[in-house]
$ cat model-v8.pdb   # PDB, C-alpha atoms
MODEL        1
ATOM      1  CA  ARG A   1       4.659 -35.442 -98.592  1.00  0.00           C
ATOM      2  CA  HIS A   2       7.309 -38.171 -98.998  1.00  0.00           C
ATOM      3  CA  ARG A   3       4.642 -40.898 -98.646  1.00  0.00           C
ATOM      4  CA  ILE A   4       6.606 -42.671 -95.883  1.00  0.00           C
ATOM      5  CA  PHE A   5       3.338 -44.170 -94.581  1.00  0.00           C
ATOM      6  CA  GLY A   6       2.287 -45.407 -98.009  1.00  0.00           C
ATOM      7  CA  PRO A   7       0.664 -44.041-101.170  1.00  0.00           C
ATOM      8  CA  LEU A   8      -1.595 -40.985-101.125  1.00  0.00           C
ATOM      9  CA  PRO A   9      -4.378 -39.928-103.479  1.00  0.00           C
ATOM     10  CA  ASP A  10      -3.147 -37.202-105.848  1.00  0.00           C
ATOM     11  CA  ARG A  11      -5.343 -34.549-104.208  1.00  0.00           C
ATOM     12  CA  TYR A  12      -3.846 -35.187-100.761  1.00  0.00           C
ATOM     13  CA  ALA A  13      -0.342 -35.203-102.216  1.00  0.00           C
ATOM     14  CA  ASP A  14      -1.067 -31.761-103.706  1.00  0.00           C
ATOM     15  CA  TYR A  15      -2.262 -30.533-100.296  1.00  0.00           C
ATOM     16  CA  ALA A  16       0.916 -31.794 -98.617  1.00  0.00           C
ATOM     17  CA  SER A  17       3.078 -30.140-101.280  1.00  0.00           C
ATOM     18  CA  SER A  18       1.235 -26.819-100.917  1.00  0.00           C
ATOM     19  CA  ILE A  19       1.581 -26.883 -97.119  1.00  0.00           C
ATOM     20  CA  HIS A  20       5.304 -27.618 -97.446  1.00  0.00           C
ATOM     21  CA  GLN A  21       5.823 -24.771 -99.935  1.00  0.00           C
ATOM     22  CA  ALA A  22       3.894 -22.342 -97.721  1.00  0.00           C
ATOM     23  CA  GLY A  23       5.921 -23.378 -94.669  1.00  0.00           C
ATOM     24  CA  SER A  24       9.214 -22.947 -96.536  1.00  0.00           C
ATOM     25  CA  HIS A  25       8.108 -19.529 -97.791  1.00  0.00           C
ATOM     26  CA  LEU A  26       7.156 -18.449 -94.255  1.00  0.00           C
ATOM     27  CA  GLN A  27      10.471 -19.704 -92.867  1.00  0.00           C
ATOM     28  CA  ASP A  28      12.395 -17.724 -95.509  1.00  0.00           C
ATOM     29  CA  MET A  29      10.392 -14.591 -94.694  1.00  0.00           C
ATOM     30  CA  ILE A  30      11.066 -14.900 -90.956  1.00  0.00           C
ATOM     31  CA  THR A  31      14.779 -15.560 -91.514  1.00  0.00           C
ATOM     32  CA  ASN A  32      15.088 -12.510 -93.769  1.00  0.00           C
ATOM     33  CA  VAL A  33      13.224 -10.248 -91.318  1.00  0.00           C
ATOM     34  CA  LEU A  34      15.421 -11.396 -88.415  1.00  0.00           C
ATOM     35  CA  ASP A  35      18.653 -10.972 -90.399  1.00  0.00           C
ATOM     36  CA  VAL A  36      17.668  -7.484 -91.596  1.00  0.00           C
ATOM     37  CA  SER A  37      16.797  -6.537 -88.001  1.00  0.00           C
ATOM     38  CA  ARG A  38      20.160  -7.817 -86.740  1.00  0.00           C
ATOM     39  CA  ILE A  39      22.027  -5.874 -89.416  1.00  0.00           C
ATOM     40  CA  ASP A  40      20.061  -2.681 -88.664  1.00  0.00           C
ATOM     41  CA  ALA A  41      20.899  -3.094 -84.961  1.00  0.00           C
ATOM     42  CA  ASP A  42      24.605  -3.719 -85.751  1.00  0.00           C
ATOM     43  CA  ARG A  43      24.231  -7.171 -84.179  1.00  0.00           C
ATOM     44  CA  TYR A  44      25.108  -9.275 -87.230  1.00  0.00           C
ATOM     45  CA  GLU A  45      28.572 -10.774 -86.841  1.00  0.00           C
ATOM     46  CA  LEU A  46      30.259 -12.440 -89.783  1.00  0.00           C
ATOM     47  CA  ASP A  47      31.673 -15.910 -89.160  1.00  0.00           C
ATOM     48  CA  LEU A  48      34.760 -15.584 -91.344  1.00  0.00           C
ATOM     49  CA  SER A  49      36.669 -18.594 -92.610  1.00  0.00           C
ATOM     50  CA  GLU A  50      38.493 -19.683 -95.747  1.00  0.00           C
ATOM     51  CA  ILE A  51      35.943 -20.966 -98.263  1.00  0.00           C
ATOM     52  CA  ASP A  52      35.821 -22.086-101.882  1.00  0.00           C
ATOM     53  CA  ALA A  53      33.208 -19.976-103.662  1.00  0.00           C
ATOM     54  CA  ARG A  54      32.586 -22.848-106.095  1.00  0.00           C
ATOM     55  CA  ASP A  55      31.160 -24.971-103.258  1.00  0.00           C
ATOM     56  CA  VAL A  56      28.946 -22.112-102.092  1.00  0.00           C
ATOM     57  CA  ALA A  57      27.698 -21.490-105.641  1.00  0.00           C
ATOM     58  CA  ASP A  58      26.912 -25.194-106.122  1.00  0.00           C
ATOM     59  CA  ALA A  59      24.954 -25.275-102.848  1.00  0.00           C
ATOM     60  CA  ALA A  60      22.963 -22.155-103.796  1.00  0.00           C
ATOM     61  CA  MET A  61      22.174 -23.562-107.237  1.00  0.00           C
ATOM     62  CA  ALA A  62      20.922 -26.794-105.656  1.00  0.00           C
ATOM     63  CA  LEU A  63      18.499 -24.852-103.434  1.00  0.00           C
ATOM     64  CA  VAL A  64      16.766 -23.133-106.381  1.00  0.00           C
ATOM     65  CA  ARG A  65      16.965 -26.017-108.857  1.00  0.00           C
ATOM     66  CA  ILE A  66      13.462 -27.354-108.106  1.00  0.00           C
ATOM     67  CA  GLN A  67      11.916 -23.895-108.594  1.00  0.00           C
ATOM     68  CA  ALA A  68      13.790 -23.581-111.881  1.00  0.00           C
ATOM     69  CA  GLU A  69      12.729 -27.035-113.054  1.00  0.00           C
ATOM     70  CA  ASP A  70       9.079 -26.204-112.321  1.00  0.00           C
ATOM     71  CA  LYS A  71       9.379 -23.450-114.963  1.00  0.00           C
ATOM     72  CA  SER A  72      11.688 -25.462-117.275  1.00  0.00           C
ATOM     73  CA  ILE A  73      14.419 -22.869-116.730  1.00  0.00           C
ATOM     74  CA  ARG A  74      17.952 -23.927-117.602  1.00  0.00           C
ATOM     75  CA  LEU A  75      20.517 -23.279-114.856  1.00  0.00           C
ATOM     76  CA  ILE A  76      24.137 -22.956-115.985  1.00  0.00           C
ATOM     77  CA  ALA A  77      27.191 -22.505-113.720  1.00  0.00           C
ATOM     78  CA  ASN A  78      30.453 -21.446-115.349  1.00  0.00           C
ATOM     79  CA  LEU A  79      32.936 -22.244-112.586  1.00  0.00           C
ATOM     80  CA  PRO A  80      36.706 -22.642-113.049  1.00  0.00           C
ATOM     81  CA  GLU A  81      38.510 -25.899-112.303  1.00  0.00           C
ATOM     82  CA  GLU A  82      40.820 -24.209-109.794  1.00  0.00           C
ATOM     83  CA  PRO A  83      39.489 -23.195-106.331  1.00  0.00           C
ATOM     84  CA  LEU A  84      37.981 -19.739-105.822  1.00  0.00           C
ATOM     85  CA  THR A  85      39.399 -19.270-102.330  1.00  0.00           C
ATOM     86  CA  LEU A  86      38.483 -16.285-100.199  1.00  0.00           C
ATOM     87  CA  THR A  87      37.937 -15.364 -96.563  1.00  0.00           C
ATOM     88  CA  ALA A  88      34.228 -14.815 -95.984  1.00  0.00           C
ATOM     89  CA  ASP A  89      31.131 -15.957 -94.109  1.00  0.00           C
ATOM     90  CA  GLY A  90      30.068 -18.988 -96.144  1.00  0.00           C
ATOM     91  CA  ARG A  91      26.466 -18.927 -94.883  1.00  0.00           C
ATOM     92  CA  ALA A  92      26.097 -15.233 -95.727  1.00  0.00           C
ATOM     93  CA  VAL A  93      27.573 -15.639 -99.214  1.00  0.00           C
ATOM     94  CA  LYS A  94      25.256 -18.580 -99.877  1.00  0.00           C
ATOM     95  CA  GLN A  95      22.295 -16.505 -98.713  1.00  0.00           C
ATOM     96  CA  ILE A  96      23.272 -13.726-101.117  1.00  0.00           C
ATOM     97  CA  LEU A  97      23.467 -16.163-104.030  1.00  0.00           C
ATOM     98  CA  VAL A  98      20.210 -17.930-103.115  1.00  0.00           C
ATOM     99  CA  ASN A  99      18.441 -14.564-103.060  1.00  0.00           C
ATOM    100  CA  LEU A 100      19.932 -13.526-106.411  1.00  0.00           C
ATOM    101  CA  LEU A 101      19.172 -16.866-108.047  1.00  0.00           C
ATOM    102  CA  GLY A 102      15.678 -16.937-106.534  1.00  0.00           C
ATOM    103  CA  ASN A 103      14.948 -13.495-107.970  1.00  0.00           C
ATOM    104  CA  ALA A 104      16.280 -14.595-111.343  1.00  0.00           C
ATOM    105  CA  VAL A 105      13.956 -17.613-111.347  1.00  0.00           C
ATOM    106  CA  LYS A 106      11.016 -15.436-110.324  1.00  0.00           C
ATOM    107  CA  PHE A 107      11.571 -12.933-113.154  1.00  0.00           C
ATOM    108  CA  THR A 108      12.461 -15.448-115.880  1.00  0.00           C
ATOM    109  CA  ARG A 109       9.785 -16.881-118.145  1.00  0.00           C
ATOM    110  CA  GLU A 110       9.279 -20.583-118.660  1.00  0.00           C
ATOM    111  CA  GLN A 111      12.049 -22.259-120.694  1.00  0.00           C
ATOM    112  CA  GLY A 112      14.356 -19.332-119.988  1.00  0.00           C
ATOM    113  CA  GLN A 113      17.979 -19.440-118.911  1.00  0.00           C
ATOM    114  CA  ILE A 114      20.026 -18.317-115.908  1.00  0.00           C
ATOM    115  CA  VAL A 115      23.828 -18.253-116.020  1.00  0.00           C
ATOM    116  CA  LEU A 116      26.128 -17.950-113.006  1.00  0.00           C
ATOM    117  CA  ASP A 117      29.746 -16.913-113.668  1.00  0.00           C
ATOM    118  CA  ALA A 118      32.499 -16.659-111.047  1.00  0.00           C
ATOM    119  CA  ALA A 119      36.147 -15.618-111.171  1.00  0.00           C
ATOM    120  CA  ILE A 120      38.863 -14.006-109.040  1.00  0.00           C
ATOM    121  CA  GLU A 121      40.809 -11.090-110.478  1.00  0.00           C
ATOM    122  CA  ASP A 122      42.950  -8.439-108.766  1.00  0.00           C
ATOM    123  CA  SER A 123      42.140  -9.779-105.276  1.00  0.00           C
ATOM    124  CA  TRP A 124      38.388  -9.569-105.872  1.00  0.00           C
ATOM    125  CA  LEU A 125      35.865 -12.361-106.346  1.00  0.00           C
ATOM    126  CA  THR A 126      33.177 -11.502-108.880  1.00  0.00           C
ATOM    127  CA  ILE A 127      30.031 -13.600-109.190  1.00  0.00           C
ATOM    128  CA  SER A 128      27.387 -12.639-111.724  1.00  0.00           C
ATOM    129  CA  VAL A 129      23.888 -14.057-112.086  1.00  0.00           C
ATOM    130  CA  ALA A 130      22.416 -13.248-115.502  1.00  0.00           C
ATOM    131  CA  ASP A 131      18.927 -14.148-116.722  1.00  0.00           C
ATOM    132  CA  ASN A 132      17.031 -13.579-119.953  1.00  0.00           C
ATOM    133  CA  GLY A 133      13.811 -12.809-118.142  1.00  0.00           C
ATOM    134  CA  ILE A 134      11.337  -9.945-118.186  1.00  0.00           C
ATOM    135  CA  GLY A 135      13.840  -7.391-116.922  1.00  0.00           C
ATOM    136  CA  ILE A 136      13.228  -4.521-114.520  1.00  0.00           C
ATOM    137  CA  ALA A 137      11.858  -1.097-115.389  1.00  0.00           C
ATOM    138  CA  PRO A 138      14.239   1.829-114.679  1.00  0.00           C
ATOM    139  CA  ASP A 139      11.911   3.267-112.010  1.00  0.00           C
ATOM    140  CA  ASP A 140      11.753  -0.087-110.216  1.00  0.00           C
ATOM    141  CA  LEU A 141      15.511  -0.587-110.555  1.00  0.00           C
ATOM    142  CA  ALA A 142      16.158   2.682-108.703  1.00  0.00           C
ATOM    143  CA  ARG A 143      14.004   1.507-105.760  1.00  0.00           C
ATOM    144  CA  LEU A 144      15.222  -2.069-105.452  1.00  0.00           C
ATOM    145  CA  GLY A 145      17.664  -2.836-102.681  1.00  0.00           C
ATOM    146  CA  LYS A 146      15.691  -0.928-100.064  1.00  0.00           C
ATOM    147  CA  PRO A 147      13.720  -2.999 -97.516  1.00  0.00           C
ATOM    148  CA  PHE A 148      10.243  -4.076 -98.684  1.00  0.00           C
ATOM    149  CA  GLU A 149      10.658  -2.556-102.164  1.00  0.00           C
ATOM    150  CA  GLN A 150       9.569  -4.921-104.950  1.00  0.00           C
ATOM    151  CA  ALA A 151       9.325  -4.918-108.727  1.00  0.00           C
ATOM    152  CA  GLY A 152       6.842  -6.523-111.078  1.00  0.00           C
ATOM    153  CA  ASP A 153       3.091  -6.960-110.964  1.00  0.00           C
ATOM    154  CA  ALA A 154       0.980  -7.980-107.975  1.00  0.00           C
ATOM    155  CA  LYS A 155       1.349 -11.685-108.789  1.00  0.00           C
ATOM    156  CA  LEU A 156       5.150 -11.464-108.680  1.00  0.00           C
ATOM    157  CA  LYS A 157       5.141  -9.308-105.549  1.00  0.00           C
ATOM    158  CA  ALA A 158       3.062 -11.926-103.753  1.00  0.00           C
ATOM    159  CA  LEU A 159       5.957 -14.387-104.161  1.00  0.00           C
ATOM    160  CA  GLY A 160       8.320 -12.428-101.904  1.00  0.00           C
ATOM    161  CA  THR A 161       8.703  -9.810 -99.204  1.00  0.00           C
ATOM    162  CA  GLY A 162      10.997  -7.249-100.788  1.00  0.00           C
ATOM    163  CA  LEU A 163      13.729  -8.122 -98.284  1.00  0.00           C
ATOM    164  CA  GLY A 164      15.903 -10.528-100.284  1.00  0.00           C
ATOM    165  CA  LEU A 165      17.816  -7.989-102.356  1.00  0.00           C
ATOM    166  CA  SER A 166      18.104  -5.561 -99.442  1.00  0.00           C
ATOM    167  CA  LEU A 167      19.560  -8.311 -97.269  1.00  0.00           C
ATOM    168  CA  ALA A 168      21.928  -9.482-100.019  1.00  0.00           C
ATOM    169  CA  ARG A 169      23.253  -5.948-100.478  1.00  0.00           C
ATOM    170  CA  ALA A 170      23.690  -5.464 -96.716  1.00  0.00           C
ATOM    171  CA  LEU A 171      25.607  -8.764 -96.413  1.00  0.00           C
ATOM    172  CA  ALA A 172      27.854  -7.751 -99.308  1.00  0.00           C
ATOM    173  CA  ASP A 173      28.504  -4.392 -97.584  1.00  0.00           C
ATOM    174  CA  LEU A 174      29.453  -6.171 -94.344  1.00  0.00           C
ATOM    175  CA  HIS A 175      32.157  -8.023 -96.290  1.00  0.00           C
ATOM    176  CA  GLY A 176      33.445  -4.766 -97.763  1.00  0.00           C
ATOM    177  CA  GLY A 177      31.990  -5.719-101.124  1.00  0.00           C
ATOM    178  CA  THR A 178      29.322  -4.462-103.515  1.00  0.00           C
ATOM    179  CA  LEU A 179      26.167  -5.742-105.186  1.00  0.00           C
ATOM    180  CA  THR A 180      24.933  -4.064-108.374  1.00  0.00           C
ATOM    181  CA  LEU A 181      22.081  -4.676-110.810  1.00  0.00           C
ATOM    182  CA  ASP A 182      21.961  -4.034-114.547  1.00  0.00           C
ATOM    183  CA  SER A 183      18.690  -4.637-116.355  1.00  0.00           C
ATOM    184  CA  THR A 184      16.926  -3.996-119.633  1.00  0.00           C
ATOM    185  CA  LEU A 185      13.163  -4.286-119.650  1.00  0.00           C
ATOM    186  CA  GLY A 186      12.091  -7.233-121.764  1.00  0.00           C
ATOM    187  CA  GLU A 187      15.632  -8.616-122.126  1.00  0.00           C
ATOM    188  CA  GLY A 188      16.851  -9.659-118.688  1.00  0.00           C
ATOM    189  CA  THR A 189      18.848  -8.739-115.606  1.00  0.00           C
ATOM    190  CA  THR A 190      22.412  -9.244-114.402  1.00  0.00           C
ATOM    191  CA  ALA A 191      23.257  -9.098-110.690  1.00  0.00           C
ATOM    192  CA  ARG A 192      26.956  -8.673-109.963  1.00  0.00           C
ATOM    193  CA  LEU A 193      28.472  -9.475-106.546  1.00  0.00           C
ATOM    194  CA  ARG A 194      32.052  -8.363-105.801  1.00  0.00           C
ATOM    195  CA  LEU A 195      33.800  -9.454-102.596  1.00  0.00           C
ATOM    196  CA  PRO A 196      37.392  -8.886-101.477  1.00  0.00           C
ATOM    197  CA  VAL A 197      39.406 -12.085-101.269  1.00  0.00           C
ATOM    198  CA  LYS A 198      40.867 -10.851 -97.968  1.00  0.00           C
ATOM    199  CA  PRO A 199      38.425  -8.488 -96.203  1.00  0.00           C
ATOM    200  CA  ALA A 200      39.771  -5.626 -94.116  1.00  0.00           C
TER     201      ALA A 200
ENDMDL
END
$ encode --input "model-v8.pdb" --output "structure tokens"
Amino acid sequence: RHRIFGPLPDRYADYASSIHQAGSHLQDMITNVLDVSRIDADRYELDLSEIDARDVADAAMALVRIQAEDKSIRLIANLPEEPLTLTADGRAVKQILVNLLGNAVKFTREQGQIVLDAAIEDSWLTISVADNGIGIAPDDLARLGKPFEQAGDAKLKALGTGLGLSLARALADLHGGTLTLDSTLGEGTTARLRLPVKPA
């Protein structure tokens, strides 16, 4: 895929890219299934440390940037200059944000926009991910967050497993936080993550 052995014909390069994308998708599915299973079995232990949420947000944005660029979607991060310091599991928080951003990319049309905002107020970190995509129907919105529940048509459902949002919500709960969704069909969706700066 990186042509380290020399140039490839375009058709073979496309094959290599497709195999890589399929492998990454499968790896994400397996990771999500294992994490959901560990949470259900009360075997998921948070690795708490002091982190800067700005660094985690930047890392999550970097992981979805290629997907966004493929659809000419503009990614915007409104992060303050001062640190957003909290005690949390950095890997888990990044996974939450990657899932939220990935969903936003999936449900946003080409040349759309996704905005991430983050701030600390009253001992709570709030991170919102807002898109101007297709939105979610009220009936679908009520179901989302449960394992294997998905929204959208068959083409969109084929892009995921229905575990991402469920896992994100479970990881937020483990931190003593919340994850909520607000959406208007045809206008877009806002996911809002709230985490305590110092968890109990």
$ resolve_selection --input "model-v8.pdb" --expression "the PyMOL selection byres ((chain A and resi 44) around 12)" --output "PyMOL selection string"
chain A and resi 34-43+45-47+89+92+167+170-171+173-175
$ residues_around --input "model-v8.pdb" --residues "stretch 131-139 of chain A" --least-positions-apart "2" --cutoff "10 Å" --atoms "only C-alpha atoms" --output "JSON, numbers by chain"
{"A": [73, 74, 75, 101, 103, 104, 105, 106, 107, 108, 109, 110, 111, 112, 113, 114, 115, 116, 128, 129, 141, 142, 143, 144, 151, 152, 181, 182, 183, 184, 185, 186, 187, 188, 189, 190, 191]}
$ closest_residue --input "model-v8.pdb" --among "A:Glu50, A:Asp10, A:Asp140, A:Asp58" --to "A:Val98" --atoms "all atoms listed in the file"
A:Asp58
$ resolve_selection --input "model-v8.pdb" --expression "the PyMOL selection byres ((chain A and resi 83-86) around 12)" --output "ChimeraX atom specification"
/A:48-57,79-82,87-90,93,117-121,123-127,175,194-199
$ closest_residue --input "model-v8.pdb" --among "A:Leu26, A:Gly164, A:Val64, A:Arg1" --to "A:Asp14" --atoms "all atoms listed in the file"
A:Arg1
